[in-house]
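*Asks:* Provided herewith is a single structure, encoded as structure tokens, for subsequent inquiry.
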Amino acid sequence: MEDNFIQFEYKKLSETDLIKNSGTFLEQMSNRRTIREFSTEIVPEEVIVNIVKAASTAPSGGNAQPFLFCIVKDKETKHKIRNGAEKEEKLNYEKRYSDDFKKKVSKFKVTWEKPFLDDAPYLIVVFKEKYKKTGDLIQKNNYFTESTGIAMGLLVASIHNAGLVTVPYSPAPMNFLSEILDIPENLSPVLVFPVGYPKEGTKVPNLKKKKFEEMYKVY
Ligand SMILES: Cc1cc2nc3c(=O)[nH]c(=O)nc-3n(C[C@H](O)[C@H](O)[C@H](O)COP(=O)(O)O)c2cc1C
């Protein structure tokens, strides 16, 4: 069997540092909120690239790395994405969504209009790679949904860690994203993450969250 292993460099921390580091991260993540109103202020591109690089370090089933992050900064392309999304959203709100669904999301005060797709200086559009195609050879990626989900979790944490905000936005249907960004059919769009600074004075819904005790068990 081929042996192609390298040394894993590991520095063991003290229990005090473990507790301190995990507590600091917890406190930081506890302040994260979804933001739907963005400032148009420019963010250094290096920050966005660092955020995406951090997300791209995610573990993945069989090391397939079945994710693609499209960073969109071009105003015209962002506007095309807004138009594509709003065309679908208008139909959703006027014809496709049930009254029950609309009532459920009313606490977020969302409508078919999505100005954040123009306002945020960057959109990160995430695609999951269902299979790899080399000539006629098709190789399915195992766990592409789970792997891309983990990468998007890292993306959200990295955006927050950098001091910026986002909304994980899921237009439906979203195949217009593949058309605008010219992405082949072995990849499917998953979510759009507008990234930037929050609009000054923006408010967030006062959501009722589950108690932590309802979300974990120790065995
Ligand atoms: C998979 C996923 C899809 C989402 N889709 C949308 C969306 O299309 N529009 C939107 O305004 N928020 C969307 N959100 C944001 C959620 O509404 C938000 O995370 C939730 O209300 C909790 O609020 P918080 O992030 O401030 O804790 C989505 C979040 C996730 C994880």
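Chain labels A, B, ... are given in the sequence in which chains occur in the structure tokens; within each chain residues are numbered consecutively from 1, and ligands are likewise numbered from 1 in the order shown.
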Taking the DSSP secondary structure from the backbone, can you list the residues of stretch 33-188 of chain A that are strand (DSSP E), as a ChimeraX atom specification?
*Replies:* /A:67-72,122-129,131-134,137-140,165-166,187-188
*Asks:* At a cut-off of 10 Å, using only C-alpha atoms, what residues contact A:Ile42? Leave out same-chain residues fewer than 4 positions from it and give the result as a list in words.
*Replies:* Lys73, Asp119, Ala120, Pro121, Tyr122, Gly196 and Tyr197 of chain A
*Asks:* Take the residues just selected and output them with C-alpha atoms as a compact mmCIF listing (two decimals), in the first residue's frame.
*Replies:*
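Wrote result_17.txt, looks like this:
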```
# COMPACT_ATOMS: atom_id res chain seq x y z
CA LYS A 73 -18.20 42.26 -6.66
CA ASP A 119 -26.16 47.09 -1.51
CA ALA A 120 -23.73 44.54 -0.05
CA PRO A 121 -20.31 45.13 -1.66
CA TYR A 122 -19.85 41.37 -2.14
CA GLY A 196 -20.48 43.76 4.13
CA TYR A 197 -21.16 46.20 6.95
```
*Asks:* Neighbouring residues of ligand 1 are defined here as those with any atom at most 9 Å from a ligand atom, counting only C-alpha atoms and all ligand atoms; list them as a PyMOL selection string.
*Replies:* chain A and resi 30-36+105+108-111+114+149+153+166-172+190-192+204-207+209
*Asks:* Mind dumping the selected residues with C-alpha atoms as a compact mmCIF listing (two decimals), in the first residue's frame?
*Replies:*
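Contents of selection-v4.txt, as written:
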```txt
# COMPACT_ATOMS: atom_id res chain seq x y z
CA SER A 30 -23.35 34.39 20.48
CA ASN A 31 -23.39 37.93 19.05
CA ARG A 32 -23.94 36.76 15.47
CA ARG A 33 -27.23 37.73 13.85
CA THR A 34 -28.61 37.57 10.35
CA ILE A 35 -28.61 41.07 8.84
CA ARG A 36 -30.83 42.01 5.91
CA VAL A 105 -42.03 34.61 7.86
CA PHE A 108 -38.71 38.82 9.59
CA LYS A 109 -40.47 41.62 7.63
CA VAL A 110 -39.15 40.15 4.39
CA THR A 111 -40.80 40.88 1.04
CA LYS A 114 -34.02 42.09 -2.08
CA GLY A 149 -22.97 22.54 4.63
CA GLY A 153 -20.86 26.98 8.51
CA THR A 166 -24.38 38.37 6.23
CA VAL A 167 -27.76 36.80 5.51
CA PRO A 168 -27.80 33.24 4.22
CA TYR A 169 -30.20 33.89 1.35
CA SER A 170 -32.02 31.05 -0.42
CA PRO A 171 -33.90 32.28 -3.48
CA ALA A 172 -36.30 29.67 -4.86
CA VAL A 190 -27.09 26.36 -2.50
CA LEU A 191 -27.08 29.77 -0.85
CA VAL A 192 -26.15 33.39 -1.53
CA VAL A 204 -32.99 42.63 13.91
CA PRO A 205 -36.10 40.62 14.81
CA ASN A 206 -36.33 39.79 18.50
CA LEU A 207 -36.47 36.03 17.93
CA LYS A 209 -34.56 30.88 20.49
```
*Asks:* Quick one: everything within 9 Å of A:Phe127, counting only C-alpha atoms, minus sequence neighbours fewer than 4 positions away in the same chain. Send it as a ChimeraX atom specification.
*Replies:* /A:66-70,148,178,183,187-191
*Asks:* For the selection you just gave me, I'd like the residues written to a file as a PDB file, in the first residue's frame, keeping N, CA and C atoms.
*Replies:*
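Heads up, here's the output in out.pdb:
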```pdb
ATOM      1  N   PRO A  66     -16.214  19.310  -2.488  1.00  0.00           N
ATOM      2  CA  PRO A  66     -17.246  19.519  -3.510  1.00  0.00           C
ATOM      3  C   PRO A  66     -17.946  20.871  -3.377  1.00  0.00           C
ATOM      4  N   PHE A  67     -17.167  21.939  -3.273  1.00  0.00           N
ATOM      5  CA  PHE A  67     -17.776  23.263  -3.131  1.00  0.00           C
ATOM      6  C   PHE A  67     -17.099  24.266  -4.052  1.00  0.00           C
ATOM      7  N   LEU A  68     -17.898  25.243  -4.457  1.00  0.00           N
ATOM      8  CA  LEU A  68     -17.366  26.346  -5.264  1.00  0.00           C
ATOM      9  C   LEU A  68     -17.932  27.634  -4.677  1.00  0.00           C
ATOM     10  N   PHE A  69     -17.053  28.584  -4.403  1.00  0.00           N
ATOM     11  CA  PHE A  69     -17.472  29.875  -3.845  1.00  0.00           C
ATOM     12  C   PHE A  69     -17.291  30.925  -4.936  1.00  0.00           C
ATOM     13  N   CYS A  70     -18.368  31.513  -5.419  1.00  0.00           N
ATOM     14  CA  CYS A  70     -18.248  32.572  -6.425  1.00  0.00           C
ATOM     15  C   CYS A  70     -18.337  33.916  -5.718  1.00  0.00           C
ATOM     16  N   THR A 148     -20.601  20.576   1.845  1.00  0.00           N
ATOM     17  CA  THR A 148     -20.830  21.986   1.516  1.00  0.00           C
ATOM     18  C   THR A 148     -21.495  22.692   2.694  1.00  0.00           C
ATOM     19  N   SER A 178     -26.903  29.824 -11.731  1.00  0.00           N
ATOM     20  CA  SER A 178     -25.977  29.070 -12.600  1.00  0.00           C
ATOM     21  C   SER A 178     -25.879  29.740 -13.963  1.00  0.00           C
ATOM     22  N   ILE A 183     -22.163  28.551 -14.646  1.00  0.00           N
ATOM     23  CA  ILE A 183     -21.677  27.393 -13.880  1.00  0.00           C
ATOM     24  C   ILE A 183     -22.231  26.111 -14.510  1.00  0.00           C
ATOM     25  N   LEU A 187     -22.707  21.249 -10.901  1.00  0.00           N
ATOM     26  CA  LEU A 187     -22.766  22.029  -9.657  1.00  0.00           C
ATOM     27  C   LEU A 187     -24.156  22.644  -9.500  1.00  0.00           C
ATOM     28  N   SER A 188     -24.674  22.652  -8.254  1.00  0.00           N
ATOM     29  CA  SER A 188     -25.982  23.281  -7.995  1.00  0.00           C
ATOM     30  C   SER A 188     -25.808  24.414  -6.988  1.00  0.00           C
ATOM     31  N   PRO A 189     -26.514  25.532  -7.217  1.00  0.00           N
ATOM     32  CA  PRO A 189     -26.422  26.625  -6.248  1.00  0.00           C
ATOM     33  C   PRO A 189     -27.089  26.236  -4.925  1.00  0.00           C
ATOM     34  N   VAL A 190     -26.524  26.711  -3.819  1.00  0.00           N
ATOM     35  CA  VAL A 190     -27.092  26.357  -2.502  1.00  0.00           C
ATOM     36  C   VAL A 190     -27.582  27.601  -1.762  1.00  0.00           C
ATOM     37  N   LEU A 191     -26.701  28.558  -1.580  1.00  0.00           N
ATOM     38  CA  LEU A 191     -27.084  29.774  -0.855  1.00  0.00           C
ATOM     39  C   LEU A 191     -26.281  30.956  -1.385  1.00  0.00           C
TER      40      LEU A 191
END
```
*Asks:* Determine which residues of chain A DSSP labels as helix (DSSP H, G or I) from the backbone of this structure, then write them out as number ranges by chain.
*Replies:* A: 15-30, 45-56, 61-63, 75-96, 99-108, 116-119, 144-162, 176-181, 212-214
*Asks:* Within 12 Å of stretch 9-26 of chain A, counting only C-alpha atoms, which residues qualify if same-chain residues fewer than 2 places away don't, as a PyMOL selection string?
*Replies:* chain A and resi 6-7+28-32+157-158+160-161
